[in-house]
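S.K.: Have a look at this one before I ask anything.
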Amino acid sequence: MIEGIPDAPLLECRFCLSGRIGLIAPQALFAHSLRESRLLMRLTLPICGAQLAQSGMSAVDIIMAGRASATDLAAVSVGSSLWLPLMLFMTGALMGLTPIVAQLLGGQRQTAIRPYVHQALWIALLLGTLSALLLWFGVGPVFRFMGVPEHVAELSAGYLAAVAFGMPGVGLYQALRAFSDGMNHTRPALWISLLGLGINIPCNYALIYGGPGIVSLLGDLTPEWVAALPALGAVGCGIATAISMWVMCLAMMVYTHRARAYGSVTLWHSPVPPRRRDIFELLHVGVPIGVAIFVEVTLFTLIALFVARLGEVVVSAHQIALNYTSILFMLPLSLSMALTVRVGNTLGRGDMHEARFVAWNGIVVCLLVALFNDAILWATASPILALYTSNAEVHALAMSLVTLAMLYQISDSLQVNLAGALRGYKDTRIIMLITVLSYWLIGLAGGHWLGRGWEGHFAPFGIHGYWLGLCAGLTVAALLLGWRLHHRARRSLAVSDDSSLGTATKD
């Protein structure tokens, strides 16, 4: 019962949503939606803070490496383009744990959660080790294929070798974070991400700039042994990143061991050896998520490569507009992760009607968030872009791209949250297929076609063609994912109603 609203109208409202009756009690519907939206945002905001903190770590790396030298900056930038996609794929693959835990928690089956978490930890350890091996031994051919200058490639290889030590740690951290999110506890990831950022900044400073940098900061207060530290540049940045990864991992281990919120799971009571069936279920749900994330990352990477031939002004405007709009995207992205948990919890209780309400209510909230982001872009774009650049030509072009970004904010927010709701149903393979179709075939190929033009038919649209391709790809993804969620929710309702009818007949 919602305070002040009787049970009957609320129940009637929910059955309206399932199509059983035609009348809706507006007051009950609004109260129900408001309550659910509050629960959703309570999960969303800490996730958003954690995402921003992790983005802040990447920004700190770029800023501090850039102050060391242009070569160090290039080495870190090139290296990040290799290890970040690996980490994001690993993160996506481990996100399959979240809906599984959410459904088990909703069904009051806490004793079944621990084995799944332990299987996810085995997967994380394996994926982290494989990622580390790739970074240690597989980057040389990639650098040669990319045509990276030899001195930059050598320095970047050292940076990646250092980061590789942290990959198993970040894998274990992401598995435990997926477990914590599924348990409806998203704040630990926020505080631990802030801890990682707090560790990353001083470690970066000490290892990138070495003793001379510390002396310039502390002066005569610097101990002799600290003043003798070597300046490691990009390699030091990689070491600092690996340290931050392991600190976050250990902090999450300690927290999940000591916090009372996880007491019913007895997570660290005794290790569960690898189980083929549970590992297969986790990978069945998680790997398509990882592939979808990888496809999205490569979309923007390839567009950046195609745009590079259009000149420095275009490249600068593209990167500035993309960076600014990506920061605002953190809120819809975080909302989608929270929506996975809410839908999963509701399905675990066996309430398919409520699950459909939770899913579509989340979509309404994401639309409001998209409009909010549009308002921010409209009000702040010009002054914010002026902070990025003083070049009038770059500023004007970036403004035109932000205008296009305002058009795709709605479709982008819709597609990511529709995917989040479907993950709550553990329906992830169709997300992967739709993502590949929409992002690569329509977004990338269509954008490249518009950007280059078609001789005898239309002139090249240049950078605007690539952004129009993004708009089209995201819109198609939103439409297809919306159709899939409607179909999936209706099928779950039909199965639930048939089951209830069968039980009633037996009675």
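Chain labels run A, B, ... following the order of the structure tokens; each chain numbers its residues from 1, and ligands are numbered from 1 in the order shown.
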Within 10 Å of Met167 of chain A, counting only C-alpha atoms, which residues qualify if same-chain residues fewer than 5 places away don't, as JSON, numbers by chain?

M.R.: {"A": [83, 86, 87, 90, 124, 125, 127, 128, 129, 130, 131, 132, 133, 135, 162, 172, 173, 241, 242, 245, 246]}

S.K.: Could those selected residues go to a file with N, CA and C atoms, as a PDB file, in the first residue's frame?

M.R.:
ATOM      1  N   TRP A  83      43.605  -0.773 -23.936  1.00  0.00           N
ATOM      2  CA  TRP A  83      43.199  -1.474 -22.720  1.00  0.00           C
ATOM      3  C   TRP A  83      41.773  -1.146 -22.290  1.00  0.00           C
ATOM      4  N   LEU A  86      39.212  -3.561 -23.800  1.00  0.00           N
ATOM      5  CA  LEU A  86      39.311  -4.857 -23.131  1.00  0.00           C
ATOM      6  C   LEU A  86      38.606  -4.823 -21.776  1.00  0.00           C
ATOM      7  N   MET A  87      38.845  -3.752 -21.018  1.00  0.00           N
ATOM      8  CA  MET A  87      38.217  -3.643 -19.707  1.00  0.00           C
ATOM      9  C   MET A  87      36.700  -3.515 -19.833  1.00  0.00           C
ATOM     10  N   MET A  90      35.196  -6.856 -20.596  1.00  0.00           N
ATOM     11  CA  MET A  90      35.202  -7.654 -19.377  1.00  0.00           C
ATOM     12  C   MET A  90      34.096  -7.189 -18.426  1.00  0.00           C
ATOM     13  N   ALA A 124      36.041 -13.581 -13.813  1.00  0.00           N
ATOM     14  CA  ALA A 124      36.790 -12.316 -13.761  1.00  0.00           C
ATOM     15  C   ALA A 124      38.285 -12.564 -13.712  1.00  0.00           C
ATOM     16  N   LEU A 125      38.679 -13.537 -12.919  1.00  0.00           N
ATOM     17  CA  LEU A 125      40.112 -13.852 -12.814  1.00  0.00           C
ATOM     18  C   LEU A 125      40.660 -14.341 -14.145  1.00  0.00           C
ATOM     19  N   LEU A 127      39.327 -13.755 -17.280  1.00  0.00           N
ATOM     20  CA  LEU A 127      39.307 -12.668 -18.263  1.00  0.00           C
ATOM     21  C   LEU A 127      40.388 -11.633 -17.954  1.00  0.00           C
ATOM     22  N   GLY A 128      40.599 -11.335 -16.669  1.00  0.00           N
ATOM     23  CA  GLY A 128      41.633 -10.378 -16.296  1.00  0.00           C
ATOM     24  C   GLY A 128      43.019 -10.869 -16.658  1.00  0.00           C
ATOM     25  N   THR A 129      43.266 -12.159 -16.440  1.00  0.00           N
ATOM     26  CA  THR A 129      44.572 -12.730 -16.784  1.00  0.00           C
ATOM     27  C   THR A 129      44.783 -12.744 -18.292  1.00  0.00           C
ATOM     28  N   LEU A 130      43.755 -13.141 -19.049  1.00  0.00           N
ATOM     29  CA  LEU A 130      43.865 -13.128 -20.514  1.00  0.00           C
ATOM     30  C   LEU A 130      44.104 -11.712 -21.046  1.00  0.00           C
ATOM     31  N   SER A 131      43.420 -10.731 -20.458  1.00  0.00           N
ATOM     32  CA  SER A 131      43.615  -9.341 -20.872  1.00  0.00           C
ATOM     33  C   SER A 131      45.043  -8.891 -20.596  1.00  0.00           C
ATOM     34  N   ALA A 132      45.555  -9.276 -19.431  1.00  0.00           N
ATOM     35  CA  ALA A 132      46.934  -8.913 -19.090  1.00  0.00           C
ATOM     36  C   ALA A 132      47.922  -9.528 -20.080  1.00  0.00           C
ATOM     37  N   LEU A 133      47.706 -10.795 -20.439  1.00  0.00           N
ATOM     38  CA  LEU A 133      48.603 -11.453 -21.401  1.00  0.00           C
ATOM     39  C   LEU A 133      48.555 -10.763 -22.761  1.00  0.00           C
ATOM     40  N   LEU A 135      47.921  -7.615 -23.289  1.00  0.00           N
ATOM     41  CA  LEU A 135      48.616  -6.329 -23.167  1.00  0.00           C
ATOM     42  C   LEU A 135      50.127  -6.515 -23.075  1.00  0.00           C
ATOM     43  N   ALA A 162      52.522  -2.050 -17.599  1.00  0.00           N
ATOM     44  CA  ALA A 162      52.229  -1.697 -16.208  1.00  0.00           C
ATOM     45  C   ALA A 162      50.740  -1.837 -15.915  1.00  0.00           C
ATOM     46  N   LEU A 172      38.035  -8.515 -10.876  1.00  0.00           N
ATOM     47  CA  LEU A 172      37.434  -8.951  -9.617  1.00  0.00           C
ATOM     48  C   LEU A 172      36.558  -7.843  -9.026  1.00  0.00           C
ATOM     49  N   TYR A 173      37.033  -6.601  -9.116  1.00  0.00           N
ATOM     50  CA  TYR A 173      36.236  -5.477  -8.618  1.00  0.00           C
ATOM     51  C   TYR A 173      34.906  -5.377  -9.370  1.00  0.00           C
ATOM     52  N   THR A 241      47.761   3.528 -12.388  1.00  0.00           N
ATOM     53  CA  THR A 241      46.463   2.955 -12.763  1.00  0.00           C
ATOM     54  C   THR A 241      46.296   1.559 -12.189  1.00  0.00           C
ATOM     55  N   ALA A 242      47.354   0.734 -12.289  1.00  0.00           N
ATOM     56  CA  ALA A 242      47.289  -0.630 -11.756  1.00  0.00           C
ATOM     57  C   ALA A 242      47.116  -0.616 -10.238  1.00  0.00           C
ATOM     58  N   MET A 245      43.543   0.169  -9.446  1.00  0.00           N
ATOM     59  CA  MET A 245      42.683  -0.980  -9.720  1.00  0.00           C
ATOM     60  C   MET A 245      42.684  -1.973  -8.561  1.00  0.00           C
ATOM     61  N   TRP A 246      43.876  -2.279  -8.042  1.00  0.00           N
ATOM     62  CA  TRP A 246      43.963  -3.255  -6.957  1.00  0.00           C
ATOM     63  C   TRP A 246      43.433  -2.687  -5.645  1.00  0.00           C
TER      64      TRP A 246
END

S.K.: Can you tell me, as an MDAnalysis selection string, which residues in segment 188-282 of chain A count as alpha helix (DSSP H) by DSSP?

M.R.: chainID A and resid 188:218 224:227 234:258 276:282

S.K.: Got a sec: who's within 9 Å of Met406 of chain A, counting only C-alpha atoms, leaving out chain neighbours fewer than 4 positions off, as a list in words?

M.R.: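 Residues near the query, excluding close chain neighbours: Thr325, Ala370, Leu371, Asn373, Asp374, Ala375, Leu377, Trp378, Leu401, Val402 and Ile410 of chain A.
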
S.K.: Could you write those residues out with C-alpha atoms, as an mmCIF file, in the first residue's frame?

M.R.:
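After the write, selection-v5.cif holds the following:
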data_model
loop_
_atom_site.group_PDB
_atom_site.id
_atom_site.type_symbol
_atom_site.label_atom_id
_atom_site.label_comp_id
_atom_site.auth_asym_id
_atom_site.auth_seq_id
_atom_site.Cartn_x
_atom_site.Cartn_y
_atom_site.Cartn_z
ATOM 1 C CA THR A 325 27.837 15.234 -24.607
ATOM 2 C CA ALA A 370 16.853 13.223 -22.002
ATOM 3 C CA LEU A 371 14.785 16.407 -22.099
ATOM 4 C CA ASN A 373 19.985 16.978 -20.841
ATOM 5 C CA ASP A 374 18.686 18.826 -23.898
ATOM 6 C CA ALA A 375 17.862 21.824 -21.723
ATOM 7 C CA LEU A 377 22.917 21.598 -23.752
ATOM 8 C CA TRP A 378 20.749 24.453 -24.999
ATOM 9 C CA LEU A 401 27.475 19.281 -33.699
ATOM 10 C CA VAL A 402 25.994 19.865 -30.251
ATOM 11 C CA ILE A 410 16.157 11.207 -26.778
#

S.K.: Here is a test: counting only C-alpha atoms, which residue of A:Ala396, A:Leu267, A:Val369, A:Leu385 is nearest to Thr111 of chain A?

M.R.: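 Checking each of A:Ala396, A:Leu267, A:Val369, A:Leu385 against Thr111 of chain A, counting only C-alpha atoms, the winner is A:Leu267.
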
S.K.: For segment 194-211 of chain A, work out the shell of residues within 9 Å, counting only C-alpha atoms and skipping chain neighbours fewer than 5 positions away, then give it as a compact mmCIF listing (two decimals) with all heavy atoms, in the first residue's frame.

M.R.:
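Saved file part_29.txt follows:
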# COMPACT_ATOMS: atom_id res chain seq x y z
N GLY A 49 27.52 8.72 -9.98
CA GLY A 49 28.72 9.24 -9.33
C GLY A 49 29.92 8.34 -9.54
O GLY A 49 31.04 8.82 -9.78
N ALA A 50 29.71 7.02 -9.46
CA ALA A 50 30.80 6.08 -9.68
C ALA A 50 31.32 6.16 -11.12
O ALA A 50 32.53 6.11 -11.36
CB ALA A 50 30.33 4.65 -9.37
N ALA A 53 33.39 9.27 -11.48
CA ALA A 53 34.69 9.13 -10.82
C ALA A 53 35.65 8.31 -11.67
O ALA A 53 36.84 8.65 -11.79
CB ALA A 53 34.50 8.47 -9.45
N GLN A 54 35.14 7.24 -12.29
CA GLN A 54 36.01 6.42 -13.13
C GLN A 54 36.41 7.18 -14.40
O GLN A 54 37.55 7.06 -14.87
CB GLN A 54 35.31 5.11 -13.48
CG GLN A 54 35.16 4.20 -12.26
CD GLN A 54 34.47 2.89 -12.57
OE1 GLN A 54 34.39 2.46 -13.72
NE2 GLN A 54 33.95 2.23 -11.55
N GLY A 56 36.78 10.34 -14.39
CA GLY A 56 37.75 11.29 -13.87
C GLY A 56 39.15 10.72 -13.81
O GLY A 56 40.14 11.44 -14.04
N MET A 57 39.27 9.42 -13.54
CA MET A 57 40.59 8.78 -13.53
C MET A 57 41.24 8.85 -14.91
O MET A 57 42.43 9.14 -15.02
CB MET A 57 40.46 7.33 -13.06
CG MET A 57 40.09 7.19 -11.59
SD MET A 57 39.84 5.47 -11.08
CE MET A 57 41.49 4.80 -11.33
N VAL A 60 42.33 12.45 -15.54
CA VAL A 60 43.54 12.77 -14.77
C VAL A 60 44.77 12.20 -15.45
O VAL A 60 45.82 12.86 -15.54
CB VAL A 60 43.40 12.25 -13.32
CG1 VAL A 60 44.75 12.25 -12.61
CG2 VAL A 60 42.40 13.10 -12.55
N ASP A 61 44.66 10.96 -15.94
CA ASP A 61 45.79 10.35 -16.65
C ASP A 61 46.21 11.19 -17.85
O ASP A 61 47.41 11.44 -18.06
CB ASP A 61 45.42 8.94 -17.12
CG ASP A 61 45.34 7.94 -15.97
OD1 ASP A 61 45.77 8.29 -14.85
OD2 ASP A 61 44.83 6.83 -16.19
N MET A 64 47.74 14.73 -16.67
CA MET A 64 49.05 14.66 -16.03
C MET A 64 50.11 14.14 -16.99
O MET A 64 51.26 14.61 -16.95
CB MET A 64 48.97 13.78 -14.78
CG MET A 64 48.09 14.37 -13.68
SD MET A 64 48.10 13.39 -12.16
CE MET A 64 48.71 14.60 -11.01
N ALA A 65 49.75 13.20 -17.86
CA ALA A 65 50.71 12.74 -18.86
C ALA A 65 51.04 13.86 -19.84
O ALA A 65 52.19 14.01 -20.27
CB ALA A 65 50.16 11.53 -19.61
N ALA A 68 53.68 16.11 -18.66
CA ALA A 68 55.03 15.53 -18.66
C ALA A 68 55.71 15.79 -20.00
O ALA A 68 56.82 16.33 -20.06
CB ALA A 68 54.98 14.04 -18.36
N ALA A 189 29.97 1.25 -4.70
CA ALA A 189 30.74 1.50 -5.93
C ALA A 189 31.11 2.97 -6.04
O ALA A 189 32.20 3.32 -6.52
CB ALA A 189 29.94 1.06 -7.15
N SER A 216 59.32 20.19 -6.40
CA SER A 216 58.70 21.44 -6.84
C SER A 216 57.42 21.73 -6.09
O SER A 216 56.99 22.88 -5.98
CB SER A 216 58.41 21.39 -8.35
OG SER A 216 57.40 20.44 -8.62
N THR A 222 60.69 17.85 1.37
CA THR A 222 60.75 16.56 0.68
C THR A 222 61.88 15.70 1.25
O THR A 222 63.04 16.13 1.27
CB THR A 222 60.99 16.76 -0.82
OG1 THR A 222 60.04 17.68 -1.34
CG2 THR A 222 60.88 15.43 -1.56
N GLU A 224 64.87 12.91 1.38
CA GLU A 224 65.88 12.65 0.35
C GLU A 224 65.52 11.46 -0.52
O GLU A 224 65.71 11.48 -1.73
CB GLU A 224 67.25 12.42 1.01
CG GLU A 224 67.84 13.67 1.64
CD GLU A 224 69.24 13.41 2.16
OE1 GLU A 224 69.79 12.32 1.87
OE2 GLU A 224 69.79 14.28 2.84
N TRP A 225 64.99 10.41 0.11
CA TRP A 225 64.66 9.22 -0.67
C TRP A 225 63.52 9.49 -1.65
O TRP A 225 63.45 8.91 -2.74
CB TRP A 225 64.33 8.05 0.24
CG TRP A 225 63.06 8.21 1.03
CD1 TRP A 225 62.92 8.78 2.25
CD2 TRP A 225 61.74 7.79 0.63
NE1 TRP A 225 61.60 8.76 2.66
CE2 TRP A 225 60.86 8.14 1.69
CE3 TRP A 225 61.23 7.15 -0.49
CZ2 TRP A 225 59.50 7.88 1.63
CZ3 TRP A 225 59.88 6.88 -0.54
CH2 TRP A 225 59.02 7.25 0.50
N VAL A 226 62.60 10.38 -1.28
CA VAL A 226 61.52 10.76 -2.19
C VAL A 226 62.05 11.61 -3.33
O VAL A 226 61.67 11.42 -4.50
CB VAL A 226 60.41 11.51 -1.42
CG1 VAL A 226 59.35 12.02 -2.39
CG2 VAL A 226 59.78 10.60 -0.37
N ALA A 227 62.99 12.54 -3.00
CA ALA A 227 63.56 13.40 -4.04
C ALA A 227 64.36 12.60 -5.07
O ALA A 227 64.54 13.06 -6.20
CB ALA A 227 64.45 14.46 -3.39
N ALA A 228 64.79 11.40 -4.68
CA ALA A 228 65.59 10.57 -5.59
C ALA A 228 64.74 9.69 -6.50
O ALA A 228 65.28 8.99 -7.36
CB ALA A 228 66.54 9.69 -4.78
N LEU A 229 63.41 9.73 -6.33
CA LEU A 229 62.55 8.90 -7.17
C LEU A 229 62.68 9.30 -8.65
O LEU A 229 62.70 10.49 -8.97
CB LEU A 229 61.09 9.04 -6.75
CG LEU A 229 60.69 8.42 -5.40
CD1 LEU A 229 59.25 8.77 -5.07
CD2 LEU A 229 60.85 6.89 -5.45
N PRO A 230 62.76 8.32 -9.56
CA PRO A 230 62.87 8.67 -10.99
C PRO A 230 61.52 9.12 -11.55
O PRO A 230 60.46 8.69 -11.08
CB PRO A 230 63.32 7.35 -11.63
CG PRO A 230 62.75 6.29 -10.73
CD PRO A 230 62.80 6.86 -9.33
N ALA A 231 61.57 9.96 -12.55
CA ALA A 231 60.36 10.38 -13.27
C ALA A 231 60.08 9.35 -14.36
O ALA A 231 60.85 9.24 -15.33
CB ALA A 231 60.54 11.77 -13.86
N LEU A 232 58.99 8.59 -14.22
CA LEU A 232 58.72 7.47 -15.12
C LEU A 232 57.79 7.84 -16.28
O LEU A 232 57.58 7.03 -17.18
CB LEU A 232 58.11 6.31 -14.33
CG LEU A 232 59.00 5.74 -13.21
CD1 LEU A 232 58.25 4.64 -12.46
CD2 LEU A 232 60.30 5.20 -13.78
N GLY A 233 57.19 9.03 -16.26
CA GLY A 233 56.35 9.46 -17.37
C GLY A 233 55.16 8.53 -17.57
O GLY A 233 54.45 8.16 -16.63
N ALA A 234 54.95 8.10 -18.82
CA ALA A 234 53.80 7.27 -19.17
C ALA A 234 53.81 5.94 -18.42
O ALA A 234 52.75 5.44 -18.02
CB ALA A 234 53.77 7.02 -20.67
N VAL A 235 54.98 5.35 -18.22
CA VAL A 235 55.07 4.09 -17.49
C VAL A 235 54.59 4.28 -16.05
O VAL A 235 53.88 3.45 -15.49
CB VAL A 235 56.51 3.54 -17.52
CG1 VAL A 235 56.62 2.28 -16.66
CG2 VAL A 235 56.93 3.22 -18.96
N GLY A 236 54.98 5.40 -15.44
CA GLY A 236 54.50 5.71 -14.10
C GLY A 236 52.99 5.86 -14.05
O GLY A 236 52.34 5.44 -13.08
N CYS A 237 52.43 6.43 -15.09
CA CYS A 237 50.97 6.55 -15.18
C CYS A 237 50.32 5.16 -15.20
O CYS A 237 49.29 4.94 -14.55
CB CYS A 237 50.60 7.34 -16.44
SG CYS A 237 48.83 7.60 -16.66
N GLY A 238 50.91 4.22 -15.92
CA GLY A 238 50.39 2.86 -15.97
C GLY A 238 50.48 2.17 -14.61
O GLY A 238 49.56 1.45 -14.21
N ILE A 239 51.60 2.40 -13.89
CA ILE A 239 51.75 1.81 -12.57
C ILE A 239 50.69 2.37 -11.62
O ILE A 239 50.07 1.64 -10.84
CB ILE A 239 53.17 2.07 -12.02
CG1 ILE A 239 54.22 1.36 -12.90
CG2 ILE A 239 53.29 1.60 -10.57
CD1 ILE A 239 55.65 1.72 -12.54
N ALA A 240 50.46 3.68 -11.68
CA ALA A 240 49.46 4.31 -10.82
C ALA A 240 48.07 3.76 -11.12
O ALA A 240 47.27 3.52 -10.20
CB ALA A 240 49.47 5.83 -11.03
N THR A 241 47.76 3.53 -12.39
CA THR A 241 46.46 2.95 -12.76
C THR A 241 46.30 1.56 -12.19
O THR A 241 45.24 1.21 -11.65
CB THR A 241 46.32 2.92 -14.30
OG1 THR A 241 46.39 4.25 -14.81
CG2 THR A 241 45.01 2.29 -14.72
N ILE A 243 47.82 0.29 -9.55
CA ILE A 243 47.67 0.40 -8.10
C ILE A 243 46.23 0.76 -7.74
O ILE A 243 45.63 0.16 -6.83
CB ILE A 243 48.65 1.46 -7.54
CG1 ILE A 243 50.09 0.97 -7.66
CG2 ILE A 243 48.32 1.79 -6.08
CD1 ILE A 243 51.14 2.02 -7.31
N SER A 244 45.66 1.72 -8.46
CA SER A 244 44.27 2.12 -8.19
C SER A 244 43.31 0.96 -8.40
O SER A 244 42.36 0.77 -7.63
CB SER A 244 43.89 3.30 -9.10
OG SER A 244 44.72 4.41 -8.88
N MET A 245 43.54 0.17 -9.45
CA MET A 245 42.68 -0.98 -9.72
C MET A 245 42.68 -1.97 -8.56
O MET A 245 41.63 -2.45 -8.12
CB MET A 245 43.13 -1.67 -11.01
CG MET A 245 42.86 -0.89 -12.28
SD MET A 245 43.59 -1.73 -13.72
CE MET A 245 42.94 -0.75 -15.07
N TRP A 246 43.88 -2.28 -8.04
CA TRP A 246 43.96 -3.25 -6.96
C TRP A 246 43.43 -2.69 -5.65
O TRP A 246 42.84 -3.42 -4.84
CB TRP A 246 45.40 -3.75 -6.80
CG TRP A 246 45.72 -4.85 -7.76
CD1 TRP A 246 46.54 -4.79 -8.85
CD2 TRP A 246 45.21 -6.18 -7.72
NE1 TRP A 246 46.57 -6.01 -9.50
CE2 TRP A 246 45.77 -6.89 -8.82
CE3 TRP A 246 44.34 -6.86 -6.87
CZ2 TRP A 246 45.48 -8.22 -9.09
CZ3 TRP A 246 44.05 -8.20 -7.12
CH2 TRP A 246 44.62 -8.85 -8.23
N VAL A 247 43.63 -1.39 -5.40
CA VAL A 247 43.07 -0.78 -4.19
C VAL A 247 41.54 -0.86 -4.23
O VAL A 247 40.90 -1.21 -3.22
CB VAL A 247 43.53 0.69 -4.07
CG1 VAL A 247 42.72 1.42 -3.01
CG2 VAL A 247 45.02 0.75 -3.71
N MET A 248 40.94 -0.57 -5.37
CA MET A 248 39.49 -0.66 -5.50
C MET A 248 39.01 -2.09 -5.31
O MET A 248 37.99 -2.34 -4.66
CB MET A 248 39.05 -0.13 -6.87
CG MET A 248 39.26 1.37 -7.05
SD MET A 248 39.04 1.93 -8.76
CE MET A 248 37.29 1.61 -9.00
N ALA A 251 39.36 -2.97 -1.58
CA ALA A 251 38.35 -2.24 -0.80
C ALA A 251 36.97 -2.87 -0.96
O ALA A 251 36.23 -3.01 0.03
CB ALA A 251 38.32 -0.78 -1.25

S.K.: Grab the atom CA of Ser334 of chain A to atom CA of Gly362 of chain A distance for me, in Å with one decimal place.

M.R.: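 Atom CA of Gly362 of chain A lies at a distance of 11.8 Å from atom CA of Ser334 of chain A.
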
S.K.: If we count only C-alpha atoms, what is near segment 486-490 of chain A at a cut-off of 9 Å, once residues fewer than 6 positions away on the same chain are taken out, given as JSON, numbers by chain?

M.R.: {"A": [18, 352, 353, 355, 356, 359, 422, 425, 427]}

S.K.: Give me the segment 293-342 of chain A side of the contact with segment 454-474 of chain A, cut-off 12 Å, one line per residue showing its nearest atom pair and distance in Å at one decimal, counting only C-alpha atoms, sorted by chain and residue number, as CSV.

M.R.:
residue,atom,partner,partner_atom,distance
A:Glu296,CA,A:Leu474,CA,10.6
A:Leu299,CA,A:Leu470,CA,9.3
A:Phe300,CA,A:Leu470,CA,9.4
A:Leu302,CA,A:Tyr466,CA,10.7
A:Ile303,CA,A:Tyr466,CA,7.3
A:Ala304,CA,A:Tyr466,CA,9.8
A:Leu305,CA,A:Tyr466,CA,11.6
A:Phe306,CA,A:Tyr466,CA,9.1
A:Val307,CA,A:Ile463,CA,6.7
A:Ala308,CA,A:Ile463,CA,10.0
A:Arg309,CA,A:Gly462,CA,10.2
A:Leu310,CA,A:Gly462,CA,7.5
A:Gly311,CA,A:Ile463,CA,10.4
A:Glu312,CA,A:Ile463,CA,12.0
A:Val313,CA,A:Ile463,CA,10.7
A:Val314,CA,A:Ile463,CA,7.0
A:Val315,CA,A:Ile463,CA,8.7
A:Ser316,CA,A:Ile463,CA,11.2
A:Ala317,CA,A:Ile463,CA,9.3
A:His318,CA,A:Ile463,CA,7.6
A:Gln319,CA,A:Ile463,CA,11.2
A:Ala321,CA,A:Trp467,CA,10.6
A:Leu322,CA,A:Trp467,CA,10.0
